[in-house]
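K.L.:
Following this line is run-v9.txt, made up of compact mmCIF, C-alpha atoms:
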# COMPACT_ATOMS: atom_id res chain seq x y z
CA MET A 112 0.00 0.00 0.00
CA VAL A 113 1.37 3.41 -0.96
CA GLY A 114 -0.04 6.76 0.09
CA LEU A 115 0.66 9.89 2.10
CA PRO A 116 -0.11 9.82 4.95
CA ILE A 117 -0.40 6.06 5.32
CA ASP A 118 -0.10 5.26 9.04
CA HIS A 119 -3.87 5.34 9.47
CA SER A 120 -4.55 2.68 6.84
CA LEU A 121 -6.18 -0.60 7.87
CA SER A 122 -5.31 -2.28 4.57
CA PRO A 123 -2.20 -4.00 6.03
CA VAL A 124 -4.39 -5.47 8.81
CA ILE A 125 -6.83 -6.87 6.26
CA HIS A 126 -4.33 -8.27 3.77
CA THR A 127 -1.98 -9.67 6.41
CA ALA A 128 -4.87 -11.63 7.95
CA TRP A 129 -5.77 -13.05 4.54
CA LEU A 130 -2.14 -13.89 3.73
CA GLU A 131 -1.76 -15.80 7.00
CA ALA A 132 -5.05 -17.65 6.54
CA ALA A 133 -4.11 -18.62 2.98
CA GLY A 134 -0.64 -19.80 4.04
CA ILE A 135 1.06 -17.44 1.61
CA ASP A 136 4.65 -16.41 2.31
CA GLY A 137 4.25 -12.72 1.57
CA ARG A 138 4.14 -9.31 3.19
CA TYR A 139 1.78 -6.39 2.75
CA LEU A 140 3.54 -3.18 3.76
CA ALA A 141 2.50 0.45 4.14
CA LEU A 142 4.88 2.75 2.25
CA ALA A 143 4.78 6.54 2.15
CA PRO A 144 6.69 8.08 -0.77
CA ALA A 145 7.26 11.74 0.01
CA SER A 146 6.44 12.97 -3.50
CA PRO A 147 5.06 11.78 -6.85
CA GLU A 148 8.64 11.50 -8.06
CA GLU A 149 9.52 9.14 -5.19
CA LEU A 150 6.41 7.11 -6.00
CA MET A 151 7.49 6.74 -9.63
CA ALA A 152 10.98 5.66 -8.57
CA LEU A 153 9.54 3.14 -6.12
CA LEU A 154 7.30 1.58 -8.74
CA ASP A 155 10.18 1.37 -11.20
CA SER A 156 12.73 -0.14 -8.83
CA ALA A 157 11.06 -2.02 -6.00
CA ASP A 158 10.78 -5.80 -6.00
CA LEU A 159 7.01 -5.81 -5.56
CA VAL A 160 4.32 -8.20 -6.72
CA GLY A 161 2.09 -5.17 -6.82
CA CYS A 162 0.52 -2.56 -4.61
CA ASN A 163 -2.63 -0.76 -3.68
CA VAL A 164 -2.59 3.01 -4.04
CA THR A 165 -4.41 5.56 -1.91
CA ALA A 166 -4.57 9.35 -1.71
CA PRO A 167 -2.98 11.44 -3.00
CA TYR A 168 -1.30 9.13 -5.49
CA LYS A 169 -4.12 7.50 -7.47
CA PRO A 170 -3.85 9.94 -10.43
CA HIS A 171 -0.05 9.65 -10.34
CA ALA A 172 -0.31 5.86 -10.49
CA PHE A 173 -2.53 6.26 -13.54
CA ARG A 174 0.08 8.49 -15.18
CA TRP A 175 2.82 5.96 -14.34
CA ALA A 176 0.75 3.20 -15.95
CA GLU A 177 0.23 5.25 -19.11
CA GLU A 178 3.92 6.16 -19.37
CA ARG A 179 5.07 2.56 -18.83
CA GLY A 180 2.61 1.08 -21.32
CA ALA A 181 0.75 -0.89 -18.67
CA GLY A 182 -2.59 -2.52 -19.34
CA ILE A 183 -5.26 -0.22 -17.92
CA GLY A 184 -8.57 -1.66 -16.81
CA PRO A 185 -11.87 -0.07 -17.91
CA GLU A 186 -12.71 1.35 -14.48
CA ALA A 187 -9.27 2.95 -14.15
CA ARG A 188 -9.46 4.26 -17.73
CA ALA A 189 -12.89 5.78 -17.16
CA THR A 190 -11.90 7.51 -13.94
CA GLY A 191 -8.25 8.40 -14.53
CA SER A 192 -7.54 6.87 -11.13
CA VAL A 193 -5.70 3.72 -10.08
CA ASN A 194 -5.83 1.98 -6.71
CA LEU A 195 -4.26 -1.33 -7.74
CA LEU A 196 -1.05 -1.98 -9.66
CA LEU A 197 0.12 -5.45 -10.66
CA LEU A 198 3.85 -5.20 -11.30
CA GLY A 199 4.90 -8.06 -13.53
CA LYS A 200 6.58 -8.20 -16.93
CA ARG A 201 3.62 -6.29 -18.29
CA PRO A 202 2.17 -4.17 -15.50
CA GLU A 203 -1.57 -3.76 -15.08
CA ALA A 204 -3.43 -0.84 -13.56
CA ARG A 205 -6.92 -1.27 -12.14
CA SER A 206 -9.47 0.44 -9.93
CA THR A 207 -11.43 -1.63 -7.42
CA ASP A 208 -12.89 1.35 -5.54
CA GLY A 209 -16.18 1.17 -7.40
CA GLN A 210 -16.50 -2.54 -6.71
CA GLY A 211 -15.93 -1.84 -3.02
CA LEU A 212 -18.60 0.86 -3.01
CA ILE A 213 -21.26 -1.35 -4.59
CA ALA A 214 -20.32 -4.36 -2.44
CA ALA A 215 -20.66 -2.28 0.74
CA ILE A 216 -24.10 -0.99 -0.23
CA ARG A 217 -25.31 -4.41 -1.43
CA ALA A 218 -24.21 -5.98 1.86
CA ARG A 219 -26.43 -3.51 3.72
CA VAL A 220 -29.36 -3.34 1.26
CA PRO A 221 -29.11 -6.37 -1.08
CA ASP A 222 -32.03 -5.46 -3.35
CA HIS A 223 -31.37 -1.72 -3.65
CA ASP A 224 -32.42 -0.19 -6.99
CA PHE A 225 -29.72 2.29 -7.97
CA SER A 226 -31.82 3.66 -10.83
CA ARG A 227 -34.75 4.86 -8.74
CA GLY A 228 -33.80 8.50 -8.17
CA PRO A 229 -31.11 11.10 -7.51
CA ILE A 230 -27.81 10.11 -5.92
CA VAL A 231 -25.70 12.88 -4.38
CA ILE A 232 -21.92 12.64 -4.05
CA LEU A 233 -19.96 15.07 -1.90
CA GLY A 234 -16.55 15.65 -3.48
CA ALA A 235 -15.10 15.61 -6.97
CA GLY A 236 -11.78 13.78 -6.62
CA GLY A 237 -10.67 10.30 -7.62
CA ALA A 238 -12.93 8.55 -5.10
CA ALA A 239 -15.95 10.48 -6.37
CA SER A 240 -15.02 9.62 -9.95
CA ALA A 241 -14.86 5.91 -9.11
CA ALA A 242 -18.25 6.20 -7.42
CA VAL A 243 -19.82 7.85 -10.46
CA HIS A 244 -18.53 5.14 -12.78
CA ALA A 245 -19.76 2.35 -10.52
CA LEU A 246 -23.18 3.91 -9.96
CA ARG A 247 -23.72 4.46 -13.68
CA SER A 248 -22.82 0.82 -14.26
CA GLU A 249 -25.58 -0.08 -11.78
CA GLY A 250 -28.15 1.95 -13.70
CA SER A 251 -28.12 5.35 -12.01
CA THR A 252 -29.19 8.16 -14.36
CA ASP A 253 -29.20 11.15 -11.98
CA ILE A 254 -25.92 11.69 -10.12
CA ARG A 255 -25.31 15.07 -8.50
CA LEU A 256 -21.74 16.06 -7.69
CA VAL A 257 -21.53 18.64 -4.90
CA ASN A 258 -18.15 20.26 -4.40
CA ARG A 259 -16.66 23.30 -2.72
CA THR A 260 -14.98 24.15 -6.04
CA LEU A 261 -17.80 24.08 -8.56
CA GLY A 262 -15.45 24.08 -11.54
CA ARG A 263 -13.92 20.78 -10.49
CA ALA A 264 -17.34 19.16 -10.15
CA ALA A 265 -18.34 20.61 -13.52
CA ALA A 266 -15.24 19.17 -15.18
CA GLN A 267 -16.01 15.73 -13.81
CA ALA A 268 -19.67 15.99 -14.80
CA SER A 269 -18.61 16.96 -18.32
CA HIS A 270 -16.25 13.98 -18.46
CA PHE A 271 -19.04 11.53 -17.66
CA GLY A 272 -21.72 13.32 -19.69
CA SER A 273 -25.46 12.82 -19.53
CA GLY A 274 -26.96 12.05 -16.13
CA VAL A 275 -24.17 13.65 -14.08
CA SER A 276 -24.53 17.24 -12.91
CA ALA A 277 -22.44 19.69 -10.87
CA TRP A 278 -23.73 21.55 -7.83
CA SER A 279 -22.09 24.10 -5.58
CA LEU A 280 -21.78 23.46 -1.86
CA ASP A 281 -24.21 26.33 -1.27
CA ALA A 282 -26.84 24.42 -3.26
CA VAL A 283 -26.47 21.11 -1.41
CA ALA A 284 -29.97 21.32 0.06
CA GLY A 285 -31.48 21.46 -3.41
CA ALA A 286 -29.30 18.61 -4.60
CA LEU A 287 -30.46 16.44 -1.70
CA GLU A 288 -34.18 17.05 -2.29
CA GLU A 289 -35.81 13.60 -2.63
CA ALA A 290 -32.38 11.98 -3.12
CA HIS A 291 -32.35 8.27 -2.27
CA MET A 292 -28.61 8.10 -1.62
CA LEU A 293 -25.83 10.36 -0.33
CA ILE A 294 -22.18 9.37 -0.57
CA ASN A 295 -19.41 11.36 1.07
CA ALA A 296 -16.25 11.09 -1.03
CA ALA A 297 -14.65 14.25 0.39
CA SER A 298 -11.94 14.25 3.05
CA HIS A 299 -13.52 17.02 5.13
CA VAL A 300 -17.17 17.97 4.99
CA ASP A 301 -19.77 19.56 7.26
CA SER A 302 -22.88 17.42 7.57
CA PRO A 303 -25.65 18.91 5.41
CA ASN A 304 -29.30 18.95 6.44
CA LEU A 305 -30.66 15.53 5.47
CA GLY A 306 -34.31 16.33 6.08
CA GLY A 307 -35.15 16.64 2.39
CA MET A 308 -33.95 13.17 1.45
CA ALA A 309 -36.28 10.24 0.77
CA ARG A 310 -37.28 8.59 4.04
CA ASP A 311 -35.73 5.25 3.03
CA ALA A 312 -32.51 6.85 1.75
CA ILE A 313 -29.03 5.43 2.21
CA VAL A 314 -26.15 7.56 3.52
CA MET A 315 -22.59 6.33 3.05
CA ASP A 316 -19.32 7.85 4.23
CA MET A 317 -16.11 6.58 2.62
CA SER A 318 -14.12 7.63 5.68
CA TYR A 319 -13.68 5.12 8.50
CA ARG A 320 -11.78 7.20 11.07
CA PRO A 321 -13.91 7.58 13.06
CA LEU A 322 -16.16 4.73 12.00
CA MET A 323 -19.26 6.67 13.06
CA THR A 324 -18.62 9.96 11.31
CA PRO A 325 -20.69 13.08 12.03
CA LEU A 326 -22.49 12.52 8.71
CA LEU A 327 -23.46 8.95 9.61
CA ALA A 328 -24.54 10.05 13.08
CA ALA A 329 -26.78 12.70 11.52
CA ALA A 330 -28.22 10.10 9.14
CA GLU A 331 -28.99 7.72 12.00
CA ALA A 332 -30.73 10.54 13.84
CA GLU A 333 -32.96 10.98 10.77
CA GLY A 334 -33.72 7.25 10.71
CA LEU A 335 -31.84 6.69 7.46
CA THR A 336 -29.86 3.59 6.51
CA THR A 337 -26.09 4.04 6.91
CA VAL A 338 -23.05 2.38 5.33
CA ASP A 339 -19.59 3.02 6.79
CA GLY A 340 -16.25 3.39 5.06
CA LEU A 341 -14.83 0.19 6.56
CA ALA A 342 -17.35 -1.83 4.57
CA MET A 343 -16.11 -0.17 1.38
CA LEU A 344 -12.45 -0.67 2.33
CA ILE A 345 -13.00 -4.40 2.77
CA GLY A 346 -15.10 -4.53 -0.39
CA GLN A 347 -12.35 -3.05 -2.55
CA ALA A 348 -9.66 -5.12 -0.81
CA ARG A 349 -11.23 -8.44 -1.85
CA PRO A 350 -10.64 -8.15 -5.63
CA SER A 351 -7.26 -6.55 -4.92
CA PHE A 352 -6.11 -9.54 -2.84
CA SER A 353 -7.25 -12.06 -5.46
CA ALA A 354 -5.45 -10.15 -8.21
CA LEU A 355 -2.25 -9.65 -6.21
CA PHE A 356 -1.87 -13.19 -4.87
CA GLY A 357 -3.80 -15.30 -7.36
CA CYS A 358 -6.13 -17.02 -4.94
CA ALA A 359 -9.59 -16.74 -3.43
CA VAL A 360 -10.05 -14.55 -0.37
CA PRO A 361 -9.96 -16.69 2.80
CA ASP A 362 -13.00 -16.74 5.08
CA VAL A 363 -11.68 -14.49 7.84
CA ASP A 364 -13.66 -11.94 9.84
CA VAL A 365 -11.39 -9.02 8.97
CA ARG A 366 -14.00 -6.47 9.99
CA SER A 367 -13.75 -7.57 13.61
CA LEU A 368 -9.95 -7.34 13.42
CA CYS A 369 -10.19 -3.81 12.06
CA LEU A 370 -12.70 -2.79 14.73
CA LYS A 371 -10.27 -3.95 17.41
CA VAL A 372 -7.52 -1.79 15.90
CA LEU A 373 -9.85 1.22 15.72
CA GLU A 374 -10.88 0.73 19.36
CA ALA A 375 -7.27 0.38 20.50
CA ASN A 376 -6.31 3.58 18.71
CA GLY A 377 -9.27 5.52 20.05
As structure tokens, please, write out the structure in this file.

P.N.:
Amino acid sequence: MVGLPIDHSLSPVIHTAWLEAAGIDGRYLALAPASPEELMALLDSADLVGCNVTAPYKPHAFRWAEERGAGIGPEARATGSVNLLLLGKRPEARSTDGQGLIAAIRARVPDHDFSRGPIVILGAGGAASAAVHALRSEGSTDIRLVNRTLGRAAAQASHFGSGVSAWSLDAVAGALEEAHMLINAASHVDSPNLGGMARDAIVMDMSYRPLMTPLLAAAEAEGLTTVDGLAMLIGQARPSFSALFGCAVPDVDVRSLCLKVLEANG
């Protein structure tokens, strides 16, 4: 796993548990290149099977893959963001973030209809882009990107085209009117008023530190269904592990392991 900062990541906990259960002689490390240039050098020189990539390096990993002639998966190509690199003779770049998002929601609400109405996403970075791609693949036709910098949301909406619109942070109340889902893909956000959402709406926060974020607490107070960021982290880790180590994911309760780490760290 590469990112900056990286000490907070629970990915090593998850993958190490799976490696041990599968009897694989391997290590999953957290590495923190200090700059994009150090990341590029690491990917070129390190003796790695592969790596997951987190903020702020997902776009840089995409650029590395393009420059090195790597195979780029459709999700990564559509979003310009990479969270999984397979470093063999011919490297591959993929994005499993969208898979993790859908898996987390399906685990909570198995029969959810993603096409039924507006979905609001807070943020317009790589995580938001992965969410848009995944939600469109599930049939969503009204995705509203709300971002502090409207121009960035507008650029992303233009990239995806019909069915994706850009909204300013000041207009979040209007964006949320009758929305059946809200996803926070921003690093820092004040909880908006959720009173205008559909009464059976789902609220998801990609962050998992703390596990019960202010947004999720506000959603619970409104009686809405919540999905936490740990569920998404585990959901995206599953296809990553299979791709990295060439085997099925062992049946290990990694969520409980992660919860213990979160409790120990306050």

K.L.:
Within 7 Å of Trp129 (chain A), counting all atoms listed in the file, which residues qualify if same-chain residues fewer than 4 places away don't, as a ChimeraX atom specification?

P.N.:
/A:125,133,360-361,363

K.L.:
Residues near Ala328 (chain A), anyone? I mean within 12 Å using only C-alpha atoms, not counting same-chain ones fewer than 4 positions away, as a list of chain:residue names.

P.N.:
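Non-adjacent residues within range: A:Ser302, A:Pro303, A:Leu305, A:Val314, A:Met315, A:Asp316, A:Pro321, A:Leu322, A:Met323, A:Thr324, A:Ala332, A:Glu333, A:Gly334, A:Leu335, A:Thr336, A:Thr337, A:Val338, A:Asp339.
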
K.L.:
With all atoms listed in the file counted and 10 Å as the cut-off, give the residues of region 138-230 of chain A in contact with region 262-276 of chain A, each with its shortest interatomic distance in Å and the pair that gives it, as a tab-separated table.

P.N.:
residue	atom	partner	partner_atom	distance
A:Ala189	CA	A:Phe271	CA	8.4
A:Thr190	CA	A:Phe271	CA	9.0
A:Pro229	CA	A:Gly274	CA	9.6
A:Ile230	CA	A:Val275	CA	9.6

K.L.:
For Ala187 (chain A), which of A:Leu212, A:Ala152, A:Ala241, A:Ile232 is the closest residue, counting all atoms listed in the file?

P.N.:
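The closest residue to Ala187 (chain A) is A:Ala241.
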
K.L.:
Do you know which residues are at most 12 Å from Pro185 (chain A) counting only C-alpha atoms, after dropping those on the same chain fewer than 5 positions away, and could you put them as a tab-separated table (two decimals) with C-alpha atoms, in the coordinates of the input?

P.N.:
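Final output, part.tsv:
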chain	number	residue	atom	x	y	z
A	190	THR	CA	-11.90	7.51	-13.94
A	191	GLY	CA	-8.25	8.40	-14.53
A	192	SER	CA	-7.54	6.87	-11.13
A	193	VAL	CA	-5.70	3.72	-10.08
A	203	GLU	CA	-1.57	-3.76	-15.08
A	204	ALA	CA	-3.43	-0.84	-13.56
A	205	ARG	CA	-6.92	-1.27	-12.14
A	206	SER	CA	-9.47	0.44	-9.93
A	207	THR	CA	-11.43	-1.63	-7.42
A	209	GLY	CA	-16.18	1.17	-7.40
A	241	ALA	CA	-14.86	5.91	-9.11
A	244	HIS	CA	-18.53	5.14	-12.78
A	245	ALA	CA	-19.76	2.35	-10.52
A	248	SER	CA	-22.82	0.82	-14.26

K.L.:
State, in Å with one decimal place, the distance from CA of Pro116 (chain A) to CA of Arg259 (chain A).

P.N.:
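Between CA of Pro116 (chain A) and CA of Arg259 (chain A) the gap works out to 22.7 Å.
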
K.L.:
With only C-alpha atoms as the counted atoms, please give the residues lying no more than 12 Å from Ala145 (chain A), apart from itself and same-chain residues fewer than 6 positions off, as a list in words.

P.N.:
Val113, Gly114, Leu115, Pro116, Ile117, Met151, Ala152, Leu153, Pro167 and Tyr168 of chain A

K.L.:
When distances are computed from only C-alpha atoms, which of A:Ala218, A:Ala359, A:Leu150, A:Ala297 shows the smallest separation from Gly234 (chain A)?

P.N.:
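Among the listed residues, A:Ala297 lies closest to Gly234 (chain A).
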
K.L.:
What are the centre and edge lengths in Å, to one decimal, of the axis-aligned box around all listed atoms of region 119-126 of chain A with 4 Å added on each side, as lines of an AutoDock Vina configuration file?

P.N.:
center_x = -4.5
center_y = -1.5
center_z = 6.6
size_x = 12.6
size_y = 21.6
size_z = 13.7

K.L.:
Would you mind telling me which residue in A:Asp224, A:Glu186, A:Glu148, A:Asp136 lies nearest to Val243 (chain A) when using only C-alpha atoms?

P.N.:
A:Glu186

K.L.:
Between A:Ala242, A:Leu142, A:Leu287, A:Ala277, single out the one closest to Asn304 (chain A), counting all atoms listed in the file.

P.N.:
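Nearest to Asn304 (chain A): A:Leu287.
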
K.L.:
Could you state the separation of CA of Cys358 (chain A) and CA of Ala239 (chain A) in Å, given to one decimal place?

P.N.:
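Answer for the CA of Cys358 (chain A) to CA of Ala239 (chain A) separation: 29.2 Å.
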
K.L.:
I need the residue nearest Leu121 (chain A) from this list: A:Ile345, A:Leu246, A:Leu355, A:Ala375. Use all atoms listed in the file for the distance.

P.N.:
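Among A:Ile345, A:Leu246, A:Leu355, A:Ala375, it is A:Ile345 that comes nearest to Leu121 (chain A).
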
K.L.:
Go ahead and compute the interatomic distance for CA of Ser120 (chain A) and CA of Lys200 (chain A), in Å to one decimal.

P.N.:
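The value is 28.4 Å.
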
K.L.:
Need the shell around Asn163 (chain A): protein/DNA/RNA residues with any atom at most 8 Å away, counting all atoms listed in the file. Skip same-chain ones fewer than 3 positions apart. Format as a list in words?

P.N.:
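Once the nearby chain positions are removed, what remains is Met112, Val113, Asn194, Leu195, Leu196 and Ser351 of chain A.
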
K.L.:
Using all atoms listed in the file, can you tell me which of A:Ala330, A:Ile213, A:Val300, A:Met343 comes closest to Gly250 (chain A)?

P.N.:
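Residue with the minimum atom-to-atom distance to Gly250 (chain A): A:Ile213.
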
K.L.:
In the coordinate frame of the file, compute which residues have an atom within 12 Å of (-17.4, -10.3, 10.4) when using all atoms listed in the file, and state them as number ranges by chain.

P.N.:
A: 125, 218, 341-342, 345, 362-371
